[in-house]
Amino acid sequence: MIIVLLPAYNEEESLPRLLPKLQHTLTALGEPYRIVVCNDGSRDGTQEQLERASTTLPLEIIRHRINRGLGESVRDLFERASELAEPGDVIIRMDCDDTHEPEYIPTIVARVRADCDVVIASRFAPGGGQLGVSAYRAFISQCANIFMRLFFPIPGLREYSCGFRGYRAEIIRHAIAFYGNNFVQLKGLGFTCTLEKLVKLRLIGARFGEVPFVLRYDQKQGSSKMVGSTTTLGYLVMAVLYHWPWGGWRGAIRRKHVDWRMTNDPI
Ligand SMILES: Nc1nc2c(ncn2[C@@H]2O[C@H](COP(=O)(O)OP(=O)(O)O)[C@@H](O)[C@H]2O)c(=O)[nH]1
Ligand SMILES: [Mg+2]
């Protein structure tokens with residue numbers, strides 16, 4: 001099964017564009033699929049759009065009455081996915097602002113099943129790119145990715161901040177069993193959770209891969225919901241927590257020699 005996770009905040013304009021494309025791609029893949037959306041206290045018509053879509057699609061809605069932020073939404077989405085998933089399943093997390101084209105899903109799924117635990121749709125892989133991104137935003141994003149590569153080096157990885165990824169279901173179940181509520185620990189710090197998951201999965205031995213991807217920011221309705229200052233603060237907090245010499249994430253977990261493939265956690 002393919003499980004698609006969509007965090008949604010005020011996406012009434014993008015959802016009617018994205019969902020038909022998603023349905024087309026997933027149906028063509030020819031295996032069962034399920035879409036789980038977290039409507040995180042949207043104040044527009046997102047809930048109505050989702051309820052309408054759920055009459056024709058295998059779509060489940062997790063509804064937060066108040067806006068809790070991306071971290072809490074992503075935690076709820078991954079916990080739900082780990083309840084639904086069976087070994088061999090692939091979990092796809094993507095934005096629902098219509099900048100992540102579903103056409104990449106088959107390549108991501110194939111790559112996960114071939115030899116990876118996490119596959120990232122990468123603007124920086126040969127053949128990747130971005131359309132409609134302002135020079136300022138491209139520069140900031142480039143700087144953020146250089147910072148991440150420096151502080152959290154993962155061999156072969158160039159794209160750290162794109163949320164369009166595929167995950168082997170087993171590693172998500174192991175990560176939730178191992179970290180518990182701390183799989184997504186930095187919940188109140190904007191979009192930091194996107195980086196945190198990569199690093200936490202790396203610490204338990206995940207194998208990573210990238211597939212080239214073109215970000216379609218030219219299709220974006222409205223502006224980004226990322227609060228740059230909170231997310232930047234989150235990256236700095238994470239660098240300290242990770243490298244802290246007395247019990248930082250890296251030292252503490254490495255000392256336990258965790259490799260998720262070698263453990264007997266329930267799956
Ligand atoms: N659940 C939830 N989703 C959010 C929140 N803020 C943004 N999102 C969603 O997270 C994804 C990324 O946000 P987006 O505005 O696309 O950021 P950008 O890609 O950096 O421009 C989109 O699918 C948004 O709808 C939030 O507070 N809660
Ligand atoms: Mg986006």
# chains A, B, ... in the order shown; residues from 1 in each chain; ligands from 1
>>> residues_around(residues="segment 123-134 of chain A", least_positions_apart="5", cutoff="8 Å", atoms="only C-alpha atoms", output="list in words")
Arg158, Glu159, Glu210, Val211, Pro212, Phe213, Val214, Leu215, Arg216, Tyr217, Asp218 and Gln219 of chain A
>>> residues_around(residues="Ser42 of chain A", least_positions_apart="2", cutoff="10 Å", atoms="only C-alpha atoms", output="list of chain:residue names")
A:Ala8, A:Tyr9, A:Asn10, A:Glu11, A:Glu12, A:Cys38, A:Asn39, A:Asp40, A:Asp44, A:Gly45, A:Thr46, A:Gln47, A:Arg63, A:His64, A:Arg65, A:Ile66, A:Asn67
>>> atom_distance(atom1="atom CA of Val74 of chain A", atom2="atom CA of Phe147 of chain A")
23.1 Å
>>> residues_near_ligand(ligand="ligand 1", cutoff="9 Å", atoms="only C-alpha atoms and all ligand atoms", output="ChimeraX atom specification")
/A:6-11,14,37-42,64,67-74,94-100,161-163,190-191,217,220,222-227
>>> select_by_dssp(residues="segment 83-232 of chain A", states="strand (DSSP E)", output="PyMOL selection string")
chain A and resi 90-93+118-122+129-131+165-168+208-212+214-216
>>> write_last_selection(atoms="C-alpha atoms", output="PDB file, in the first residue's frame")
ATOM      1  CA  VAL A  90       5.705   3.161   1.404  1.00  0.00           C
ATOM      2  CA  ILE A  91       4.765   6.409   3.124  1.00  0.00           C
ATOM      3  CA  ILE A  92       4.849   9.580   1.011  1.00  0.00           C
ATOM      4  CA  ARG A  93       4.747  12.982   2.685  1.00  0.00           C
ATOM      5  CA  VAL A 118      14.207   7.485   2.927  1.00  0.00           C
ATOM      6  CA  VAL A 119      14.063   9.031  -0.550  1.00  0.00           C
ATOM      7  CA  ILE A 120      14.039  12.796  -0.952  1.00  0.00           C
ATOM      8  CA  ALA A 121      12.707  14.703  -3.941  1.00  0.00           C
ATOM      9  CA  SER A 122      15.746  16.883  -4.526  1.00  0.00           C
ATOM     10  CA  GLY A 129      15.451  22.541 -10.045  1.00  0.00           C
ATOM     11  CA  GLN A 130      12.824  25.061  -9.060  1.00  0.00           C
ATOM     12  CA  LEU A 131      10.423  27.279 -10.974  1.00  0.00           C
ATOM     13  CA  ARG A 165       9.844  12.380   0.551  1.00  0.00           C
ATOM     14  CA  GLY A 166       9.178   8.673   0.604  1.00  0.00           C
ATOM     15  CA  TYR A 167       9.775   6.542   3.698  1.00  0.00           C
ATOM     16  CA  ARG A 168       9.939   2.785   4.138  1.00  0.00           C
ATOM     17  CA  PHE A 208      19.111   7.771   2.119  1.00  0.00           C
ATOM     18  CA  GLY A 209      18.647   8.489  -1.562  1.00  0.00           C
ATOM     19  CA  GLU A 210      17.573  11.389  -3.738  1.00  0.00           C
ATOM     20  CA  VAL A 211      15.566  11.627  -6.930  1.00  0.00           C
ATOM     21  CA  PRO A 212      15.699  14.747  -9.106  1.00  0.00           C
ATOM     22  CA  VAL A 214      11.497  20.328 -10.008  1.00  0.00           C
ATOM     23  CA  LEU A 215       9.705  22.421  -7.365  1.00  0.00           C
ATOM     24  CA  ARG A 216       6.724  24.109  -9.048  1.00  0.00           C
TER      25      ARG A 216
END
>>> residues_around(residues="segment 22-34 of chain A", least_positions_apart="2", cutoff="9 Å", atoms="only C-alpha atoms", output="PyMOL selection string")
chain A and resi 1-5+18-20+36+57-60+101-106
>>> atom_distance(atom1="atom 1 (Mg, counted along the ligand's line) of ligand 2", atom2="atom CA of Val109 of chain A")
20.4 Å
>>> residues_around(residues="segment 240-257 of chain A", least_positions_apart="3", cutoff="10 Å", atoms="only C-alpha atoms", output="PyMOL selection string")
chain A and resi 151-152+196+199-200+202-205+234-237+260+262
>>> write_last_selection(atoms="C-alpha atoms", output="compact mmCIF listing (two decimals), in the first residue's frame")
# COMPACT_ATOMS: atom_id res chain seq x y z
CA PHE A 151 26.03 20.55 10.92
CA PHE A 152 24.20 17.32 10.04
CA GLU A 196 14.58 16.76 12.58
CA VAL A 199 18.49 13.49 11.45
CA LYS A 200 16.58 11.19 13.81
CA ARG A 202 19.95 8.84 10.23
CA LEU A 203 20.82 8.21 13.89
CA ILE A 204 19.03 4.86 13.78
CA GLY A 205 20.82 3.81 10.60
CA GLY A 234 14.67 25.85 15.41
CA TYR A 235 17.68 24.91 13.25
CA LEU A 236 20.02 26.56 15.75
CA VAL A 237 18.34 24.82 18.72
CA TRP A 260 17.01 -0.29 13.10
CA MET A 262 19.29 -5.16 13.78
>>> residues_around(residues="Ser82 of chain A", least_positions_apart="3", cutoff="8 Å", atoms="only C-alpha atoms", output="PyMOL selection string")
chain A and resi 78-79+85+169+172-173
>>> write_last_selection(atoms="N, CA and C atoms", output="compact mmCIF listing (two decimals), in the first residue's frame")
# COMPACT_ATOMS: atom_id res chain seq x y z
N PHE A 78 2.32 10.92 10.92
CA PHE A 78 3.22 9.75 10.90
C PHE A 78 2.76 8.68 11.88
N GLU A 79 2.19 9.10 13.00
CA GLU A 79 1.67 8.09 13.94
C GLU A 79 0.49 7.34 13.31
N ALA A 85 0.22 1.08 8.43
CA ALA A 85 1.19 0.46 7.52
C ALA A 85 1.47 -1.00 7.83
N ALA A 169 7.95 2.05 5.33
CA ALA A 169 7.03 2.03 6.49
C ALA A 169 7.70 1.44 7.72
N ILE A 172 9.69 3.91 9.84
CA ILE A 172 8.86 4.86 10.59
C ILE A 172 8.31 4.17 11.84
N ARG A 173 7.90 2.93 11.70
CA ARG A 173 7.39 2.21 12.89
C ARG A 173 8.49 2.01 13.91
>>> closest_residue(among="A:Lys197, A:Ser229, A:Thr263, A:Phe164", to="ligand 2", atoms="only C-alpha atoms and all ligand atoms")
A:Phe164
